Amino acid sequence: MLPAARATYDGTFADQDRTLTLRGAPGASARINGHGNARRWAWLHADLGDGGVLEVVAAVSTRPLLRRLPPLVFLRLRHHGRTWPRRAERSAVGLLGIGRFRADIGLPRWTVTGRTLLRRIRVDVTQPAERTLALDYRDPDGAPAVCRNSESADATVVWERWWGRWRTEASWTLRGTAHAEVGDR
């Protein structure tokens with residue numbers, strides 16, 4: 001769920017060597033609801049301009065049987081005041097079942113592809129090592145995890161529509177302006 005696709009934040013972060021103070025820093029606020037944290041995941045927030053935004057979460061469950069499945073993909077594209085897919089769960093379970101949307105999670109590059117009846121999307125994300133911060137932490141359940149986060153990732157998005165053949169409806173190339181993360185336990 002994405003309660004705030006665009007938000008500003010104030011706050012102070014400190015480590016042993018320095019302090020960073022933010023005032024009016026741009027960002028977004030999202031929440032993932034479920035049964036605990038993911039075993040591994042990829043996340044993308046891409047501001048596409050003109051009010052458009054793409055949100056992607058691809059995750060593998062920590063539950064014993066579910067962790068053998070490929071990543072479950074949740075994707076929402078807002079473009080020209082419309083949201084695709086219309087139903088939030090459509091990208092995860094698809095109109096005709098699981099697997100309509102797929103993720104290949106890795107670093108420095110990861111991808112998501114998927115389609116509904118008349119539209120399909122391909123998202124390529126690159127998190128260059130020099131623009132990605134790795135952070136080790138402990139989940140609320142105490143399990144160790146690491147996230148590799150980049151607020152200046154690259155992303156290419158191609159959105160197509162079926163009109164007798166696949167035709168590009170819109171495409172975006174983001175260089176250093178996408179916010180992406182890949183994590184695992």
# chains A, B, ... in the order shown; residues from 1 in each chain; ligands from 1
>>> residues_around(residues="Gly24 (chain A)", least_positions_apart="6", cutoff="7 Å", atoms="only C-alpha atoms", output="ChimeraX atom specification")
/A:8-10
>>> write_last_selection(atoms="N, CA and C atoms", output="PDB file, in the first residue's frame")
ATOM      1  N   THR A   8       7.409  14.840   2.068  1.00  0.00           N
ATOM      2  CA  THR A   8       8.663  15.455   2.489  1.00  0.00           C
ATOM      3  C   THR A   8       8.927  15.077   3.937  1.00  0.00           C
ATOM      4  N   TYR A   9      10.204  14.991   4.266  1.00  0.00           N
ATOM      5  CA  TYR A   9      10.594  14.512   5.585  1.00  0.00           C
ATOM      6  C   TYR A   9      11.617  15.431   6.227  1.00  0.00           C
ATOM      7  N   ASP A  10      11.501  15.564   7.535  1.00  0.00           N
ATOM      8  CA  ASP A  10      12.467  16.274   8.360  1.00  0.00           C
ATOM      9  C   ASP A  10      13.007  15.273   9.373  1.00  0.00           C
TER      10      ASP A  10
END
>>> closest_atom_pairs(of="region 110-134 of chain A", to="region 159-177 of chain A", cutoff="10 Å", atoms="only C-alpha atoms", output="JSON lines")
{"residue": "A:Thr113", "atom": "CA", "partner": "A:Trp159", "partner_atom": "CA", "distance": 10.0}
{"residue": "A:Gly114", "atom": "CA", "partner": "A:Trp159", "partner_atom": "CA", "distance": 9.8}
{"residue": "A:Arg115", "atom": "CA", "partner": "A:Glu160", "partner_atom": "CA", "distance": 9.1}
{"residue": "A:Thr116", "atom": "CA", "partner": "A:Arg161", "partner_atom": "CA", "distance": 9.7}
{"residue": "A:Leu117", "atom": "CA", "partner": "A:Trp162", "partner_atom": "CA", "distance": 8.3}
{"residue": "A:Leu118", "atom": "CA", "partner": "A:Trp162", "partner_atom": "CA", "distance": 5.0}
{"residue": "A:Arg119", "atom": "CA", "partner": "A:Arg161", "partner_atom": "CA", "distance": 4.4}
{"residue": "A:Arg120", "atom": "CA", "partner": "A:Glu160", "partner_atom": "CA", "distance": 5.3}
{"residue": "A:Ile121", "atom": "CA", "partner": "A:Trp159", "partner_atom": "CA", "distance": 4.5}
{"residue": "A:Arg122", "atom": "CA", "partner": "A:Trp159", "partner_atom": "CA", "distance": 6.7}
{"residue": "A:Val123", "atom": "CA", "partner": "A:Trp159", "partner_atom": "CA", "distance": 8.7}
{"residue": "A:Asp124", "atom": "CA", "partner": "A:Thr173", "partner_atom": "CA", "distance": 9.6}
{"residue": "A:Val125", "atom": "CA", "partner": "A:Leu174", "partner_atom": "CA", "distance": 9.3}
{"residue": "A:Thr126", "atom": "CA", "partner": "A:Gly176", "partner_atom": "CA", "distance": 9.4}
{"residue": "A:Gln127", "atom": "CA", "partner": "A:Gly176", "partner_atom": "CA", "distance": 9.0}
{"residue": "A:Pro128", "atom": "CA", "partner": "A:Gly176", "partner_atom": "CA", "distance": 9.6}
{"residue": "A:Arg131", "atom": "CA", "partner": "A:Gly176", "partner_atom": "CA", "distance": 8.7}
>>> select_by_dssp(residues="region 3-178 of chain A", states="alpha helix (DSSP H)", output="PyMOL selection string")
chain A and resi 90-93
>>> residues_around(residues="Arg138 (chain A)", least_positions_apart="6", cutoff="12 Å", atoms="only C-alpha atoms", output="list in words")
Asn37, Pro144, Ala145, Val146, Cys147, Asp184 and Arg185 of chain A
>>> residues_around(residues="Ala103 (chain A)", least_positions_apart="4", cutoff="7 Å", atoms="only C-alpha atoms", output="ChimeraX atom specification")
/A:58,71,73,111-113
>>> write_last_selection(atoms="N, CA, C and O atoms", output="compact mmCIF listing (two decimals), in the first residue's frame")
# COMPACT_ATOMS: atom_id res chain seq x y z
N ALA A 58 8.74 -6.86 -5.04
CA ALA A 58 8.82 -8.28 -5.39
C ALA A 58 9.46 -8.96 -4.18
O ALA A 58 10.53 -8.53 -3.73
N PRO A 71 9.60 -15.01 -6.66
CA PRO A 71 9.11 -13.79 -6.00
C PRO A 71 7.69 -13.43 -6.43
O PRO A 71 7.34 -13.53 -7.61
N VAL A 73 5.10 -10.57 -7.14
CA VAL A 73 5.28 -9.20 -7.60
C VAL A 73 4.01 -8.39 -7.35
O VAL A 73 2.92 -8.79 -7.75
N THR A 111 15.01 -7.21 -12.69
CA THR A 111 13.95 -6.92 -13.66
C THR A 111 12.60 -7.42 -13.16
O THR A 111 12.53 -8.35 -12.36
N VAL A 112 11.57 -6.78 -13.68
CA VAL A 112 10.20 -7.22 -13.47
C VAL A 112 9.51 -7.14 -14.82
O VAL A 112 9.65 -6.15 -15.55
N THR A 113 8.78 -8.19 -15.18
CA THR A 113 7.98 -8.20 -16.39
C THR A 113 6.61 -8.72 -16.04
O THR A 113 6.44 -9.48 -15.08
>>> residues_around(residues="region 52-55 of chain A", least_positions_apart="6", cutoff="7 Å", atoms="only C-alpha atoms", output="ChimeraX atom specification")
/A:44-46,75-80
>>> atom_distance(atom1="CA of Trp110 (chain A)", atom2="CA of Val158 (chain A)")
14.7 Å
>>> select_by_dssp(residues="region 55-160 of chain A", states="strand (DSSP E or B)", output="JSON, numbers by chain")
{"A": [55, 56, 57, 58, 59, 60, 72, 73, 74, 75, 76, 77, 78, 79, 82, 83, 84, 101, 102, 103, 104, 109, 110, 111, 112, 113, 114, 115, 119, 120, 121, 122, 123, 124, 125, 126, 133, 134, 135, 136, 137, 138, 144, 145, 146, 147, 148, 149, 150, 151, 152, 153, 154, 155, 156, 157, 158, 159, 160]}
>>> atom_distance(atom1="CA of Ala153 (chain A)", atom2="CA of Phe13 (chain A)")
21.7 Å
>>> atom_distance(atom1="CA of Arg102 (chain A)", atom2="CA of Leu69 (chain A)")
11.2 Å
>>> closest_residue(among="A:Arg109, A:Gly81, A:Phe74, A:Ala38", to="Ser61 (chain A)", atoms="only C-alpha atoms")
A:Ala38
